[in-house]
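Pasted below: entry.cif, mmCIF, C-alpha atoms.
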```
data_work
#
loop_
_atom_site.label_atom_id
_atom_site.label_comp_id
_atom_site.auth_asym_id
_atom_site.auth_seq_id
_atom_site.Cartn_x
_atom_site.Cartn_y
_atom_site.Cartn_z
CA MET Q 26 22.19 -20.98 -56.76
CA SER Q 27 24.18 -18.12 -55.33
CA VAL Q 28 25.13 -14.58 -56.19
CA GLY Q 29 28.68 -13.40 -55.83
CA HIS Q 30 29.52 -13.22 -52.15
CA TYR Q 31 26.45 -15.24 -51.12
CA GLU Q 32 27.71 -18.78 -51.71
CA ASN Q 33 26.53 -19.90 -48.26
CA PHE Q 34 23.00 -18.78 -48.86
CA PRO Q 35 20.45 -20.23 -51.32
CA VAL Q 36 19.05 -17.91 -53.94
CA GLY Q 37 16.64 -19.23 -56.56
CA SER Q 38 16.52 -22.79 -55.24
CA LEU Q 39 13.82 -25.36 -55.86
CA LEU Q 40 12.01 -23.99 -52.81
CA LEU Q 41 10.83 -21.03 -54.87
CA PRO Q 42 7.66 -21.13 -56.97
CA ARG Q 43 8.33 -22.27 -60.54
CA ARG Q 44 7.02 -19.00 -61.98
CA MET Q 45 9.81 -17.11 -60.22
CA ARG Q 46 12.78 -19.35 -60.95
CA ARG Q 47 13.46 -18.25 -64.51
CA ALA Q 48 13.55 -14.61 -63.44
CA VAL Q 49 15.79 -15.40 -60.45
CA HIS Q 50 18.18 -17.30 -62.72
CA ALA Q 51 18.31 -14.32 -65.10
CA ILE Q 52 19.13 -12.00 -62.20
CA TYR Q 53 21.74 -14.48 -60.98
CA HIS Q 54 23.51 -14.71 -64.33
CA PHE Q 55 23.60 -10.94 -64.68
CA ALA Q 56 24.98 -10.44 -61.17
CA ARG Q 57 27.39 -13.37 -61.38
CA TYR Q 58 28.84 -12.21 -64.69
CA ALA Q 59 29.16 -8.59 -63.58
CA ASP Q 60 30.82 -9.66 -60.32
CA ASP Q 61 33.28 -11.84 -62.25
CA VAL Q 62 34.08 -8.94 -64.57
CA ALA Q 63 35.09 -6.91 -61.52
CA ASP Q 64 36.94 -9.70 -59.69
CA GLU Q 65 38.17 -12.53 -61.89
CA GLY Q 66 40.80 -12.92 -64.58
CA ASP Q 67 43.73 -10.75 -65.56
CA ALA Q 68 42.01 -7.83 -67.32
CA ASP Q 69 43.17 -4.34 -66.42
CA ALA Q 70 40.92 -1.87 -64.63
CA ALA Q 71 40.01 0.05 -67.79
CA SER Q 72 38.83 -3.14 -69.53
CA ARG Q 73 36.78 -4.20 -66.52
CA LEU Q 74 35.08 -0.82 -66.27
CA ALA Q 75 34.38 -0.78 -70.02
CA GLU Q 76 32.63 -4.16 -69.81
CA LEU Q 77 30.54 -3.00 -66.84
CA ASP Q 78 29.60 0.07 -68.90
CA ARG Q 79 28.45 -2.28 -71.68
CA LEU Q 80 26.11 -3.97 -69.22
CA GLU Q 81 24.80 -0.59 -68.08
CA ALA Q 82 24.15 0.38 -71.70
CA ASP Q 83 22.00 -2.73 -72.09
CA LEU Q 84 20.04 -1.75 -68.98
CA ASP Q 85 19.41 1.57 -70.71
CA ARG Q 86 18.14 -0.31 -73.76
CA ILE Q 87 15.84 -2.42 -71.61
CA ALA Q 88 14.50 0.75 -69.97
CA ALA Q 89 13.82 2.20 -73.42
CA GLY Q 90 12.01 -0.95 -74.56
CA GLU Q 91 14.81 -1.91 -76.92
CA PRO Q 92 16.40 -5.37 -77.18
CA PRO Q 93 19.73 -5.73 -75.34
CA ARG Q 94 22.85 -6.53 -77.35
CA ILE Q 95 24.53 -8.87 -74.86
CA ALA Q 96 23.12 -12.41 -74.92
CA LEU Q 97 22.96 -12.92 -71.14
CA MET Q 98 20.93 -9.72 -70.82
CA ARG Q 99 18.05 -11.02 -72.96
CA PRO Q 100 16.58 -13.31 -70.26
CA LEU Q 101 16.93 -10.41 -67.84
CA ALA Q 102 14.97 -8.18 -70.23
CA ALA Q 103 12.26 -10.84 -70.41
CA ALA Q 104 12.12 -11.06 -66.60
CA VAL Q 105 11.86 -7.27 -66.31
CA ALA Q 106 9.00 -7.22 -68.80
CA GLU Q 107 7.14 -10.17 -67.28
CA HIS Q 108 7.43 -9.14 -63.63
CA GLY Q 109 7.80 -5.37 -63.85
CA LEU Q 110 11.16 -5.50 -62.08
CA PRO Q 111 12.83 -2.20 -61.20
CA LEU Q 112 16.12 -1.51 -62.95
CA GLN Q 113 17.65 0.65 -60.20
CA PRO Q 114 18.77 -2.34 -58.09
CA MET Q 115 20.65 -3.68 -61.12
CA ARG Q 116 22.27 -0.30 -61.66
CA ASP Q 117 23.23 -0.30 -57.98
CA LEU Q 118 24.93 -3.67 -58.40
CA LEU Q 119 26.97 -2.34 -61.31
CA SER Q 120 27.91 0.70 -59.22
CA ALA Q 121 29.24 -1.59 -56.48
CA PHE Q 122 31.15 -3.74 -58.95
CA ARG Q 123 32.76 -0.65 -60.45
CA GLN Q 124 33.80 0.32 -56.94
CA ASP Q 125 35.40 -3.10 -56.48
CA VAL Q 126 37.62 -2.39 -59.47
CA VAL Q 127 39.09 0.81 -58.03
CA LYS Q 128 38.63 0.66 -54.25
CA THR Q 129 40.39 -1.78 -51.92
CA ARG Q 130 40.04 -0.17 -48.47
CA TYR Q 131 37.18 1.31 -46.40
CA ASP Q 132 37.88 4.00 -43.83
CA SER Q 133 34.70 3.64 -41.80
CA PHE Q 134 31.88 1.21 -41.12
CA GLY Q 135 29.43 3.70 -42.62
CA GLU Q 136 31.40 3.67 -45.85
CA LEU Q 137 31.30 -0.13 -45.89
CA VAL Q 138 27.55 -0.19 -45.26
CA ASP Q 139 27.04 2.18 -48.20
CA TYR Q 140 28.89 -0.33 -50.36
CA CYS Q 141 26.64 -3.13 -49.04
CA ARG Q 142 23.62 -0.98 -49.90
CA ARG Q 143 24.61 -1.33 -53.53
CA SER Q 144 26.35 -4.72 -53.58
CA ALA Q 145 23.92 -6.77 -51.46
CA ASN Q 146 20.62 -5.03 -50.81
CA PRO Q 147 19.58 -4.98 -54.51
CA VAL Q 148 19.31 -8.77 -54.50
CA GLY Q 149 16.79 -8.74 -51.67
CA ARG Q 150 14.84 -5.90 -53.22
CA LEU Q 151 14.58 -7.73 -56.54
CA MET Q 152 13.36 -10.87 -54.78
CA LEU Q 153 10.69 -8.86 -52.97
CA ALA Q 154 9.64 -7.24 -56.25
CA LEU Q 155 9.21 -10.69 -57.78
CA TYR Q 156 7.02 -11.67 -54.84
CA GLY Q 157 5.03 -8.43 -54.91
CA GLU Q 158 6.15 -7.32 -51.44
CA THR Q 159 7.35 -3.74 -51.76
CA ASP Q 160 6.13 -2.03 -48.59
CA ALA Q 161 8.67 0.10 -46.73
CA ARG Q 162 8.95 -2.23 -43.73
CA SER Q 163 9.65 -5.32 -45.83
CA LEU Q 164 12.24 -3.44 -47.87
CA ALA Q 165 13.98 -2.19 -44.72
CA GLN Q 166 14.07 -5.68 -43.22
CA ALA Q 167 15.38 -7.16 -46.46
CA ASP Q 168 18.10 -4.51 -46.53
CA GLY Q 169 19.10 -5.44 -42.99
CA ILE Q 170 19.34 -9.12 -43.89
CA CYS Q 171 21.29 -8.54 -47.10
CA THR Q 172 23.74 -6.09 -45.54
CA ALA Q 173 24.31 -8.53 -42.68
CA LEU Q 174 24.96 -11.39 -45.10
CA GLN Q 175 27.46 -9.28 -47.02
CA LEU Q 176 29.26 -8.35 -43.80
CA ILE Q 177 29.29 -11.99 -42.68
CA ASN Q 178 30.91 -12.94 -45.95
CA PHE Q 179 33.52 -10.22 -45.53
CA TRP Q 180 34.38 -11.49 -42.06
CA GLN Q 181 34.68 -15.12 -43.13
CA ASP Q 182 36.69 -14.15 -46.23
CA VAL Q 183 39.29 -11.87 -44.67
CA ALA Q 184 42.11 -14.14 -45.85
CA VAL Q 185 40.60 -14.65 -49.31
CA ASP Q 186 40.11 -10.92 -49.84
CA TRP Q 187 43.65 -10.20 -48.62
CA SER Q 188 44.95 -12.44 -51.41
CA LYS Q 189 43.08 -10.19 -53.85
CA GLY Q 190 44.58 -7.05 -52.33
CA ARG Q 191 41.41 -6.04 -50.50
CA VAL Q 192 40.59 -5.33 -46.87
CA TYR Q 193 36.93 -4.88 -46.00
CA LEU Q 194 37.48 -4.55 -42.27
CA PRO Q 195 37.08 -0.80 -41.66
CA GLN Q 196 40.39 1.00 -41.19
CA GLU Q 197 38.98 2.85 -38.17
CA ASP Q 198 38.28 -0.48 -36.47
CA LEU Q 199 41.71 -1.87 -37.23
CA ALA Q 200 43.19 1.21 -35.54
CA ARG Q 201 40.74 1.04 -32.63
CA PHE Q 202 41.68 -2.55 -31.79
CA GLY Q 203 45.36 -2.17 -32.56
CA VAL Q 204 45.39 -4.57 -35.49
CA SER Q 205 47.63 -3.90 -38.49
CA GLU Q 206 47.34 -5.18 -42.03
CA ARG Q 207 50.63 -6.97 -41.44
CA GLN Q 208 48.76 -9.14 -38.96
CA ILE Q 209 46.23 -10.07 -41.65
CA ALA Q 210 49.08 -10.94 -44.01
CA ASP Q 211 50.67 -13.13 -41.35
CA GLY Q 212 47.36 -14.75 -40.36
CA ARG Q 213 48.15 -14.04 -36.73
CA VAL Q 214 45.31 -14.52 -34.22
CA ASP Q 215 45.80 -12.92 -30.81
CA ALA Q 216 43.65 -11.18 -28.22
CA LYS Q 217 43.45 -8.00 -30.31
CA TRP Q 218 42.36 -9.89 -33.39
CA ARG Q 219 39.73 -11.85 -31.48
CA ALA Q 220 38.33 -8.65 -29.96
CA LEU Q 221 38.13 -7.03 -33.41
CA MET Q 222 36.40 -9.99 -35.02
CA LEU Q 223 33.93 -10.59 -32.19
CA TYR Q 224 32.98 -6.92 -32.41
CA GLN Q 225 32.27 -7.31 -36.14
CA VAL Q 226 30.37 -10.56 -35.54
CA GLU Q 227 28.06 -8.83 -33.07
CA ARG Q 228 27.44 -5.98 -35.50
CA ALA Q 229 26.37 -8.35 -38.23
CA ARG Q 230 24.26 -10.41 -35.82
CA LYS Q 231 22.24 -7.37 -34.74
CA MET Q 232 21.52 -6.44 -38.37
CA LEU Q 233 20.52 -10.00 -39.21
CA GLN Q 234 18.21 -10.22 -36.21
CA ALA Q 235 16.60 -6.89 -37.08
CA GLY Q 236 15.61 -8.18 -40.50
CA ALA Q 237 14.79 -11.76 -39.48
CA PRO Q 238 11.04 -11.18 -38.81
CA LEU Q 239 10.59 -10.81 -42.58
CA GLY Q 240 11.06 -14.58 -42.87
CA ARG Q 241 7.91 -15.09 -40.82
CA THR Q 242 5.99 -12.29 -42.52
CA LEU Q 243 6.43 -13.72 -46.01
CA SER Q 244 4.25 -16.72 -46.74
CA GLY Q 245 4.93 -19.97 -48.52
CA ARG Q 246 8.17 -21.00 -50.14
CA LEU Q 247 9.78 -17.57 -50.15
CA GLY Q 248 9.29 -17.29 -46.39
CA LEU Q 249 10.91 -20.71 -45.91
CA GLU Q 250 13.75 -19.77 -48.26
CA LEU Q 251 14.37 -16.55 -46.38
CA ARG Q 252 14.33 -18.27 -42.99
CA LEU Q 253 16.95 -20.69 -44.31
CA ILE Q 254 19.07 -17.78 -45.53
CA VAL Q 255 18.90 -16.05 -42.15
CA MET Q 256 19.76 -19.23 -40.32
CA GLY Q 257 22.67 -19.83 -42.67
CA GLY Q 258 24.00 -16.44 -41.66
CA GLU Q 259 23.46 -17.24 -38.01
CA ARG Q 260 25.39 -20.51 -38.33
CA ILE Q 261 28.37 -18.79 -39.94
CA LEU Q 262 28.34 -16.16 -37.18
CA HIS Q 263 28.25 -18.96 -34.59
CA LYS Q 264 31.29 -20.59 -36.20
CA LEU Q 265 33.14 -17.27 -36.38
CA HIS Q 266 32.43 -16.62 -32.71
CA ALA Q 267 33.41 -20.13 -31.64
CA SER Q 268 36.75 -19.86 -33.45
CA GLY Q 269 37.53 -16.47 -31.97
CA GLY Q 270 37.56 -15.06 -35.49
CA ASP Q 271 40.31 -17.39 -36.70
CA VAL Q 272 39.48 -17.36 -40.41
CA PHE Q 273 43.07 -18.16 -41.33
CA ALA Q 274 43.21 -21.74 -40.06
CA GLN Q 275 39.88 -22.61 -41.69
CA ARG Q 276 37.25 -20.55 -43.46
CA PRO Q 277 33.89 -21.19 -41.75
CA ARG Q 278 31.39 -22.85 -44.04
CA LEU Q 279 28.09 -24.69 -43.83
CA GLY Q 280 28.16 -28.49 -43.65
CA ALA Q 281 25.49 -31.16 -44.02
CA GLY Q 282 24.68 -31.04 -40.30
CA ASP Q 283 24.15 -27.31 -40.50
CA TRP Q 284 21.66 -27.68 -43.34
CA VAL Q 285 19.66 -30.30 -41.41
CA TYR Q 286 19.57 -28.02 -38.37
CA MET Q 287 18.63 -25.00 -40.49
CA MET Q 288 15.78 -26.80 -42.22
CA TRP Q 289 14.41 -28.02 -38.87
CA ARG Q 290 14.56 -24.52 -37.41
CA ALA Q 291 13.14 -22.89 -40.56
CA CYS Q 292 10.13 -25.20 -40.59
CA ARG Q 293 9.46 -24.69 -36.87
CA ALA Q 294 9.63 -20.90 -37.21
CA ARG Q 295 6.60 -20.60 -39.47
#
```
Could I get this structure in the form of structure tokens?
Amino acid sequence: MSVGHYENFPVGSLLLPRRMRRAVHAIYHFARYADDVADEGDADAASRLAELDRLEADLDRIAAGEPPRIALMRPLAAAVAEHGLPLQPMRDLLSAFRQDVVKTRYDSFGELVDYCRRSANPVGRLMLALYGETDARSLAQADGICTALQLINFWQDVAVDWSKGRVYLPQEDLARFGVSERQIADGRVDAKWRALMLYQVERARKMLQAGAPLGRTLSGRLGLELRLIVMGGERILHKLHASGGDVFAQRPRLGAGDWVYMMWRACRAR
């Protein structure tokens, strides 16, 4: 299964212990629905924000020990009660989805990373909470992995996001490399575009590598799952680099050969 922008990366697969899957699925459905509220359909901004507020109100009810009113929130409430999950990561996700409704450009890389802190990192933190790994080092490494995965998805989805009126490439970087939004609209790949994209690829790679040791620290199925996730990110970065950042001709995605390679590498890296 996947959450929002993470369709390349397994979350809650059969690799995870059975006792965790129900909770992961509850988290998935909450995040998937909230993300769709922000992104999909024809609703106006006010309606989208009102529905996200309804989800937040149910988080408040869960925190108060009261039953949620929205049906999809009831399994989430059960997961919170059973595993002692923190609610702040879920509130952070809603904060990011609200931002998606009203914000379509990011001036700086720091501003984009702050968005990733709320849109991506909560998923990793919730997974660690389920596994009982909440030390500061593990949390920091998980944040690095999740932020990197979010950035990778932004880079591979430049054309998709443009069609939705969004540009996640930082405006300061567009100016630095002499790339205009008109170039994104035209899908034009030249030396400037390649330099911009390879710069972003290297940024994401460094973050991913910084968090990667967590996949060897965690034992059992979760460690294997995380190693697969990291290697999925690495494969997409490899494809982005090999294409010179040409995400207009073909969006990079994982194929059957990639999954075989990833599984081989993940098992060897224990």
- Pull out every residue that the PyMOL selection byres ((chain Q and resi 238) around 12) matches in the shown coordinates and put them as an MDAnalysis selection string. chainID Q and resid 162:167 169:170 232:237 239:244 248:249 251:252 255:256 294:295
How would the residues just chosen look if you wrote them out with C-alpha atoms as a PDB file, in the frame of the given file?
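For reference, selection01.pdb as written:
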```pdb
ATOM      1  CA  ARG Q 162       8.950  -2.230 -43.730  1.00  0.00           C
ATOM      2  CA  SER Q 163       9.650  -5.320 -45.830  1.00  0.00           C
ATOM      3  CA  LEU Q 164      12.240  -3.440 -47.870  1.00  0.00           C
ATOM      4  CA  ALA Q 165      13.980  -2.190 -44.720  1.00  0.00           C
ATOM      5  CA  GLN Q 166      14.070  -5.680 -43.220  1.00  0.00           C
ATOM      6  CA  ALA Q 167      15.380  -7.160 -46.460  1.00  0.00           C
ATOM      7  CA  GLY Q 169      19.100  -5.440 -42.990  1.00  0.00           C
ATOM      8  CA  ILE Q 170      19.340  -9.120 -43.890  1.00  0.00           C
ATOM      9  CA  MET Q 232      21.520  -6.440 -38.370  1.00  0.00           C
ATOM     10  CA  LEU Q 233      20.520 -10.000 -39.210  1.00  0.00           C
ATOM     11  CA  GLN Q 234      18.210 -10.220 -36.210  1.00  0.00           C
ATOM     12  CA  ALA Q 235      16.600  -6.890 -37.080  1.00  0.00           C
ATOM     13  CA  GLY Q 236      15.610  -8.180 -40.500  1.00  0.00           C
ATOM     14  CA  ALA Q 237      14.790 -11.760 -39.480  1.00  0.00           C
ATOM     15  CA  LEU Q 239      10.590 -10.810 -42.580  1.00  0.00           C
ATOM     16  CA  GLY Q 240      11.060 -14.580 -42.870  1.00  0.00           C
ATOM     17  CA  ARG Q 241       7.910 -15.090 -40.820  1.00  0.00           C
ATOM     18  CA  THR Q 242       5.990 -12.290 -42.520  1.00  0.00           C
ATOM     19  CA  LEU Q 243       6.430 -13.720 -46.010  1.00  0.00           C
ATOM     20  CA  SER Q 244       4.250 -16.720 -46.740  1.00  0.00           C
ATOM     21  CA  GLY Q 248       9.290 -17.290 -46.390  1.00  0.00           C
ATOM     22  CA  LEU Q 249      10.910 -20.710 -45.910  1.00  0.00           C
ATOM     23  CA  LEU Q 251      14.370 -16.550 -46.380  1.00  0.00           C
ATOM     24  CA  ARG Q 252      14.330 -18.270 -42.990  1.00  0.00           C
ATOM     25  CA  VAL Q 255      18.900 -16.050 -42.150  1.00  0.00           C
ATOM     26  CA  MET Q 256      19.760 -19.230 -40.320  1.00  0.00           C
ATOM     27  CA  ALA Q 294       9.630 -20.900 -37.210  1.00  0.00           C
ATOM     28  CA  ARG Q 295       6.600 -20.600 -39.470  1.00  0.00           C
TER      29      ARG Q 295
END
```
Exercise for review: Find the residues around Leu279 (chain Q) up to 9 Å (only C-alpha atoms counted), leave out those fewer than 4 positions away in its own chain, and share them as a PyMOL selection string.
Suggested key: chain Q and resi 33+257+260-261+283-284
So that I can check the surroundings of Ala59 (chain Q), please list as a list of chain:residue names every protein, DNA and RNA residue that reaches within 12 Å of it, counting only C-alpha atoms and ignoring chain neighbours fewer than 6 positions away.
Q:Val28, Q:Gly29, Q:Ile52, Q:Tyr53, Q:Glu65, Q:Arg73, Q:Leu74, Q:Ala75, Q:Glu76, Q:Leu77, Q:Asp78, Q:Arg79, Q:Leu80, Q:Glu81, Q:Leu97, Q:Met98, Q:Met115, Q:Arg116, Q:Asp117, Q:Leu118, Q:Leu119, Q:Ser120, Q:Ala121, Q:Phe122, Q:Arg123, Q:Asp125, Q:Val126, Q:Ser144
So that each row is one residue of region 44-117 of chain Q with an atom at most 12 Å from region 179-195 of chain Q, can you give its shortest atom pair and the distance in Å to one decimal, using all atoms listed in the file, rows by chain and rising number, as a Markdown table?
```
| residue | atom | partner | partner_atom | distance |
| --- | --- | --- | --- | --- |
| Q:Ala63 | CA | Q:Lys189 | CA | 11.6 |
| Q:Asp64 | CA | Q:Lys189 | CA | 8.5 |
| Q:Glu65 | CA | Q:Lys189 | CA | 9.7 |
| Q:Gly66 | CA | Q:Lys189 | CA | 11.3 |
| Q:Asp67 | CA | Q:Lys189 | CA | 11.7 |
```
What would the file look like if the residues just selected were written as a tab-separated table (two decimals), in the coordinates of the input with C-alpha atoms?
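After the write, again-v8.tsv holds the following:
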```tsv
chain	number	residue	atom	x	y	z
Q	63	ALA	CA	35.09	-6.91	-61.52
Q	64	ASP	CA	36.94	-9.70	-59.69
Q	65	GLU	CA	38.17	-12.53	-61.89
Q	66	GLY	CA	40.80	-12.92	-64.58
Q	67	ASP	CA	43.73	-10.75	-65.56
```
- Please evaluate the PyMOL selection byres ((chain Q and resi 203) around 12) against the displayed coordinates and give the resulting residues as an NGL selection string. :Q and (196-202 or 204-208 or 215-221)
Quiz prompt | Of the listed residues Q:Val148, Q:Leu265, Q:Ile87, Q:Cys292, that which approaches Arg246 (chain Q) most closely, counting all atoms listed in the file | solution =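 Looking at the shortest contact to Arg246 (chain Q), the residue is Q:Cys292.
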* To do: Name the closest residue to Gln175 (chain Q) among the candidates Q:Ala210, Q:Val127, Q:Val138, Q:Ala89; distances are taken between atoms, counting all atoms listed in the file.
  =>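 Between Q:Ala210, Q:Val127, Q:Val138, Q:Ala89, the residue approaching Gln175 (chain Q) most closely is Q:Val138.
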Students should find that CA of Gln124 (chain Q) and CA of Arg57 (chain Q) are spaced 15.8 Å
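Counting from CA of Leu101 (chain Q), the distance to CA of Asn146 (chain Q) is 18.2 Å.
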Note to self: the PyMOL selection byres ((chain Q and resi 96) around 12) - which residues does that actually catch in the file I just gave you? List them as a PyMOL selection string.
What the structure shows: chain Q and resi 51+54-55+58+79-80+83+92-95+97-103
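The interatomic distance for the pair CA of Ala281 (chain Q) and CA of His50 (chain Q) works out to 24.4 Å.
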**Report entry** Among the residues Q:Val49, Q:Val226, Q:Cys171, Q:Ala104, the one that comes closest to Ser268 (chain Q) [using only C-alpha atoms]
**Finding:**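 Of Q:Val49, Q:Val226, Q:Cys171, Q:Ala104, the one nearest Ser268 (chain Q) is Q:Val226, counting only C-alpha atoms.
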